[in-house]
Amino acid sequence: MNRLFEILICLFVGIFAFPVLLLACCLVWVDLGRPILFWQTRSGKSGKTFDIAKLRTMREERDASGTLLPDAERQTRISVLVRRLRLDEIPQLWLILRGRMALVGPRPLLPETIDEFGETGRLRSAVRPGLTGWSQVSGNTTLSNEEKLRLDLWYVSHRSTALDLRILWETLGVALFGEKRRPERLEDATRWLDAHLPKNSAGVSA
């Protein structure tokens, strides 16, 4: 997507998203307390790291050994709603304006996760990570990490303004109606990978 076009969309969305962000911050503060934001280092384009901000959607509850409880047990009804509507991602609009992220692209992952992907991790990092992406509108939480990687690699090779706009439109549908697994997209990505990547590429099983 053209950078100027991306910035204009980001500013337009930000105007409407700002009051929603304030409301979401209030909900998180009342529901979970402080801090309102969750910060974490993620891997960006070409492996360059940056700090990402999201609204906090989990409690810090731990078991007797001090280990954090599973994600599902640390969420509340309000935080589940915030995550489903993608309100926790709104602070990342600032990172898009700064050029650290894109509106559309593979979601930013932990640096160690990218390293584990090997060569495919490098290919995945050829573009800026996105606020939403092909994996997020093709099943997201219903997909395994390997399936997401396949979809992300397919996107990196096939990205275009038309595809990005389609993903943005479908993201709205996912927020309103929930996630739906798209096996036909995974099949397309698998066929493409089998034809273009070595069978033993790290991060994608043969």
# chains A, B, ... in the order shown; residues from 1 in each chain; ligands from 1
call {"tool": "closest_atom_pairs", "arguments": {"of": "stretch 68-111 of chain A", "to": "stretch 157-167 of chain A", "cutoff": "10 Å", "atoms": "only C-alpha atoms", "output": "tab-separated table"}}
result
residue	atom	partner	partner_atom	distance
A:Leu103	CA	A:Asp164	CA	8.2
A:Val104	CA	A:Asp164	CA	6.0
A:Gly105	CA	A:Asp164	CA	8.3
call {"tool": "write_last_selection", "arguments": {"atoms": "N, CA and C atoms", "output": "CSV table (one decimal), in the first residue's frame"}}
result
chain,number,residue,atom,x,y,z
A,103,LEU,N,-0.5,-0.8,8.3
A,103,LEU,CA,-1.9,-1.1,8.5
A,103,LEU,C,-2.1,-2.6,8.3
A,104,VAL,N,-1.5,-3.2,7.3
A,104,VAL,CA,-1.7,-4.6,6.9
A,104,VAL,C,-0.3,-5.2,6.8
A,105,GLY,N,-0.2,-6.4,7.3
A,105,GLY,CA,1.1,-7.2,7.3
A,105,GLY,C,1.0,-8.3,8.3
call {"tool": "residues_around", "arguments": {"residues": "stretch 68-84 of chain A", "least_positions_apart": "3", "cutoff": "10 Å", "atoms": "only C-alpha atoms", "output": "ChimeraX atom specification"}}
result
/A:24-25,27-28,30-32,55-65,87-89,174-179
call {"tool": "residues_around", "arguments": {"residues": "stretch 115-124 of chain A", "least_positions_apart": "6", "cutoff": "10 Å", "atoms": "only C-alpha atoms", "output": "PDB file with C-alpha atoms, in the first residue's frame"}}
result
ATOM      1  CA  SER A  43      10.450  -7.977  15.832  1.00  0.00           C
ATOM      2  CA  GLY A  44       9.813  -5.597  12.914  1.00  0.00           C
ATOM      3  CA  LYS A  45      10.897  -5.269   9.310  1.00  0.00           C
ATOM      4  CA  SER A  46      14.294  -6.880   8.624  1.00  0.00           C
ATOM      5  CA  GLY A  47      14.370  -8.096  12.217  1.00  0.00           C
ATOM      6  CA  GLY A 105       1.051  -7.164   7.260  1.00  0.00           C
ATOM      7  CA  PRO A 106       2.093 -10.172   9.319  1.00  0.00           C
ATOM      8  CA  ARG A 107       1.477  -9.492  12.994  1.00  0.00           C
ATOM      9  CA  GLU A 146       2.655 -23.118  11.346  1.00  0.00           C
ATOM     10  CA  LEU A 149       3.276 -18.731   9.052  1.00  0.00           C
ATOM     11  CA  ARG A 150       2.187 -20.253   5.753  1.00  0.00           C
ATOM     12  CA  ASP A 152       1.913 -14.808   6.244  1.00  0.00           C
ATOM     13  CA  LEU A 153       4.518 -15.990   3.722  1.00  0.00           C
ATOM     14  CA  TRP A 154       1.858 -16.165   1.005  1.00  0.00           C
ATOM     15  CA  TYR A 155       0.823 -12.589   1.841  1.00  0.00           C
ATOM     16  CA  VAL A 156       4.392 -11.261   1.678  1.00  0.00           C
ATOM     17  CA  SER A 157       4.691 -12.590  -1.861  1.00  0.00           C
ATOM     18  CA  LEU A 197      10.289 -22.887  -0.976  1.00  0.00           C
ATOM     19  CA  SER A 201      12.839 -24.755   5.047  1.00  0.00           C
ATOM     20  CA  ALA A 202      13.022 -24.058   8.763  1.00  0.00           C
ATOM     21  CA  GLY A 203       9.721 -23.130  10.346  1.00  0.00           C
ATOM     22  CA  VAL A 204       7.539 -24.863   7.731  1.00  0.00           C
TER      23      VAL A 204
END
call {"tool": "atom_distance", "arguments": {"atom1": "atom CA of A:Trp169", "atom2": "atom CA of A:Leu186"}}
result
19.4 Å
call {"tool": "select_by_dssp", "arguments": {"residues": "stretch 101-186 of chain A", "states": "alpha helix (DSSP H)", "output": "number ranges by chain"}}
result
A: 111-116, 119-124, 145-158, 161-177, 183-186
call {"tool": "write_last_selection", "arguments": {"atoms": "N, CA and C atoms", "output": "short mmCIF file (atom, residue, chain, number, x, y, z; two decimals), in the first residue's frame"}}
result
data_model
loop_
_atom_site.label_atom_id
_atom_site.label_comp_id
_atom_site.auth_asym_id
_atom_site.auth_seq_id
_atom_site.Cartn_x
_atom_site.Cartn_y
_atom_site.Cartn_z
N PRO A 111 11.01 -11.52 19.01
CA PRO A 111 12.24 -11.78 18.27
C PRO A 111 12.67 -13.24 18.31
N GLU A 112 12.51 -13.90 19.46
CA GLU A 112 12.92 -15.29 19.57
C GLU A 112 12.05 -16.21 18.71
N THR A 113 10.78 -15.83 18.52
CA THR A 113 9.89 -16.62 17.67
C THR A 113 10.33 -16.52 16.22
N ILE A 114 10.70 -15.31 15.78
CA ILE A 114 11.20 -15.12 14.42
C ILE A 114 12.48 -15.92 14.21
N ASP A 115 13.35 -15.92 15.21
CA ASP A 115 14.60 -16.68 15.10
C ASP A 115 14.32 -18.17 14.94
N GLU A 116 13.31 -18.66 15.65
CA GLU A 116 12.97 -20.09 15.56
C GLU A 116 12.47 -20.47 14.17
N GLU A 119 15.01 -19.43 8.13
CA GLU A 119 14.97 -18.69 6.87
C GLU A 119 13.57 -18.14 6.58
N THR A 120 12.55 -18.89 6.94
CA THR A 120 11.19 -18.40 6.70
C THR A 120 10.88 -17.19 7.58
N GLY A 121 11.53 -17.11 8.73
CA GLY A 121 11.36 -15.93 9.58
C GLY A 121 11.93 -14.70 8.91
N ARG A 122 13.06 -14.87 8.22
CA ARG A 122 13.66 -13.75 7.49
C ARG A 122 12.75 -13.31 6.35
N LEU A 123 12.18 -14.27 5.64
CA LEU A 123 11.27 -13.94 4.54
C LEU A 123 10.02 -13.23 5.07
N ARG A 124 9.51 -13.69 6.18
CA ARG A 124 8.32 -13.08 6.79
C ARG A 124 8.59 -11.64 7.20
N ASN A 145 0.38 -22.16 14.75
CA ASN A 145 1.44 -21.21 14.41
C ASN A 145 2.01 -21.49 13.03
N GLU A 146 2.13 -22.77 12.66
CA GLU A 146 2.66 -23.12 11.35
C GLU A 146 1.69 -22.67 10.24
N GLU A 147 0.39 -22.82 10.48
CA GLU A 147 -0.60 -22.39 9.50
C GLU A 147 -0.56 -20.89 9.31
N LYS A 148 -0.42 -20.16 10.42
CA LYS A 148 -0.31 -18.70 10.33
C LYS A 148 0.94 -18.31 9.53
N LEU A 149 2.04 -19.03 9.77
CA LEU A 149 3.28 -18.73 9.05
C LEU A 149 3.10 -18.94 7.56
N ARG A 150 2.42 -20.00 7.17
CA ARG A 150 2.19 -20.25 5.75
C ARG A 150 1.38 -19.12 5.12
N LEU A 151 0.34 -18.69 5.80
CA LEU A 151 -0.50 -17.60 5.29
C LEU A 151 0.28 -16.30 5.22
N ASP A 152 1.12 -16.04 6.22
CA ASP A 152 1.91 -14.81 6.24
C ASP A 152 2.91 -14.78 5.09
N LEU A 153 3.55 -15.93 4.82
CA LEU A 153 4.52 -15.99 3.72
C LEU A 153 3.82 -15.80 2.37
N TRP A 154 2.63 -16.35 2.24
CA TRP A 154 1.86 -16.16 1.01
C TRP A 154 1.54 -14.68 0.83
N TYR A 155 1.15 -14.01 1.92
CA TYR A 155 0.82 -12.59 1.84
C TYR A 155 2.03 -11.77 1.41
N VAL A 156 3.19 -12.03 2.00
CA VAL A 156 4.39 -11.26 1.68
C VAL A 156 4.68 -11.31 0.19
N SER A 157 4.42 -12.44 -0.44
CA SER A 157 4.69 -12.59 -1.86
C SER A 157 3.59 -12.02 -2.75
N HIS A 158 2.36 -11.93 -2.24
CA HIS A 158 1.22 -11.52 -3.06
C HIS A 158 0.64 -10.17 -2.66
N THR A 161 -2.17 -3.29 -3.01
CA THR A 161 -3.14 -2.36 -2.42
C THR A 161 -4.52 -2.98 -2.36
N ALA A 162 -4.91 -3.68 -3.42
CA ALA A 162 -6.24 -4.30 -3.47
C ALA A 162 -6.38 -5.36 -2.37
N LEU A 163 -5.34 -6.16 -2.18
CA LEU A 163 -5.39 -7.19 -1.13
C LEU A 163 -5.43 -6.54 0.24
N ASP A 164 -4.65 -5.48 0.44
CA ASP A 164 -4.65 -4.80 1.73
C ASP A 164 -6.02 -4.23 2.06
N LEU A 165 -6.67 -3.62 1.08
CA LEU A 165 -8.01 -3.06 1.31
C LEU A 165 -9.01 -4.18 1.61
N ARG A 166 -8.85 -5.30 0.95
CA ARG A 166 -9.72 -6.45 1.22
C ARG A 166 -9.55 -6.92 2.66
N ILE A 167 -8.30 -6.99 3.10
CA ILE A 167 -8.01 -7.44 4.46
C ILE A 167 -8.59 -6.46 5.49
N LEU A 168 -8.46 -5.15 5.22
CA LEU A 168 -9.02 -4.16 6.14
C LEU A 168 -10.54 -4.32 6.24
N TRP A 169 -11.19 -4.55 5.10
CA TRP A 169 -12.64 -4.73 5.10
C TRP A 169 -13.04 -5.99 5.86
N GLU A 170 -12.31 -7.08 5.63
CA GLU A 170 -12.62 -8.33 6.31
C GLU A 170 -12.32 -8.26 7.80
N THR A 171 -11.36 -7.42 8.18
CA THR A 171 -11.05 -7.24 9.60
C THR A 171 -12.26 -6.68 10.34
N LEU A 172 -12.96 -5.77 9.70
CA LEU A 172 -14.17 -5.22 10.29
C LEU A 172 -15.21 -6.32 10.49
N GLY A 173 -15.34 -7.20 9.51
CA GLY A 173 -16.27 -8.31 9.63
C GLY A 173 -15.91 -9.27 10.75
N VAL A 174 -14.59 -9.53 10.91
CA VAL A 174 -14.14 -10.41 11.98
C VAL A 174 -14.46 -9.80 13.35
N ALA A 175 -14.25 -8.48 13.48
CA ALA A 175 -14.53 -7.82 14.74
C ALA A 175 -16.01 -7.88 15.10
N LEU A 176 -16.87 -7.78 14.09
CA LEU A 176 -18.32 -7.75 14.33
C LEU A 176 -18.92 -9.15 14.46
N PHE A 177 -18.42 -10.11 13.66
CA PHE A 177 -19.09 -11.40 13.58
C PHE A 177 -18.24 -12.58 14.06
N PRO A 183 -10.13 -22.67 5.23
CA PRO A 183 -9.23 -23.73 4.77
C PRO A 183 -8.78 -23.58 3.33
N GLU A 184 -9.60 -22.96 2.48
CA GLU A 184 -9.20 -22.81 1.08
C GLU A 184 -8.01 -21.87 0.95
N ARG A 185 -7.92 -20.87 1.81
CA ARG A 185 -6.77 -19.96 1.79
C ARG A 185 -5.51 -20.68 2.25
N LEU A 186 -5.66 -21.52 3.25
CA LEU A 186 -4.51 -22.28 3.74
C LEU A 186 -4.02 -23.24 2.67
#
call {"tool": "closest_residue", "arguments": {"among": "A:Lys180, A:Arg98, A:Lys54, A:Arg86", "to": "A:Pro35", "atoms": "only C-alpha atoms"}}
result
A:Lys54
call {"tool": "select_by_dssp", "arguments": {"residues": "stretch 12-197 of chain A", "states": "strand (DSSP E or B)", "output": "MDAnalysis selection string"}}
result
chainID A and resid 37:43 49:55 62 68 102:104 109 130:132
call {"tool": "atom_distance", "arguments": {"atom1": "atom CA of A:Arg128", "atom2": "atom CA of A:Arg100"}}
result
6.9 Å
call {"tool": "closest_residue", "arguments": {"among": "A:Leu131, A:Arg42, A:Asp188, A:Ile90", "to": "A:Ile15", "atoms": "only C-alpha atoms"}}
result
A:Ile90
call {"tool": "residues_around", "arguments": {"residues": "A:Arg3", "least_positions_apart": "3", "cutoff": "10 Å", "atoms": "only C-alpha atoms", "output": "list of chain:residue names"}}
result
A:Glu6, A:Ile7, A:Leu8, A:Ile9, A:Ile96, A:Leu97, A:Gly99, A:Ala102, A:Leu103
call {"tool": "atom_distance", "arguments": {"atom1": "atom CA of A:Ala53", "atom2": "atom CA of A:Ala17"}}
result
15.6 Å
call {"tool": "residues_around", "arguments": {"residues": "A:Ile52", "least_positions_apart": "6", "cutoff": "8 Å", "atoms": "only C-alpha atoms", "output": "short mmCIF file (atom, residue, chain, number, x, y, z; two decimals) with N, CA, C and O atoms, in the first residue's frame"}}
result
data_model
loop_
_atom_site.label_atom_id
_atom_site.label_comp_id
_atom_site.auth_asym_id
_atom_site.auth_seq_id
_atom_site.Cartn_x
_atom_site.Cartn_y
_atom_site.Cartn_z
N TRP A 39 3.22 -3.37 27.41
CA TRP A 39 4.34 -3.10 26.51
C TRP A 39 5.16 -4.37 26.32
O TRP A 39 5.39 -5.13 27.27
N GLN A 40 5.63 -4.57 25.09
CA GLN A 40 6.46 -5.74 24.82
C GLN A 40 7.33 -5.46 23.59
O GLN A 40 6.91 -4.77 22.67
N THR A 41 8.54 -6.01 23.59
CA THR A 41 9.44 -5.87 22.46
C THR A 41 9.08 -6.89 21.39
O THR A 41 8.95 -8.08 21.68
N ARG A 42 8.91 -6.42 20.17
CA ARG A 42 8.57 -7.30 19.05
C ARG A 42 9.56 -7.10 17.91
O ARG A 42 10.30 -6.11 17.87
N GLN A 92 -1.62 1.06 18.50
CA GLN A 92 -0.61 0.78 17.47
C GLN A 92 -0.75 1.68 16.25
O GLN A 92 0.14 1.70 15.39
N LEU A 95 2.24 3.74 16.01
CA LEU A 95 3.40 3.06 15.45
C LEU A 95 3.33 3.01 13.92
O LEU A 95 4.36 3.03 13.24
#
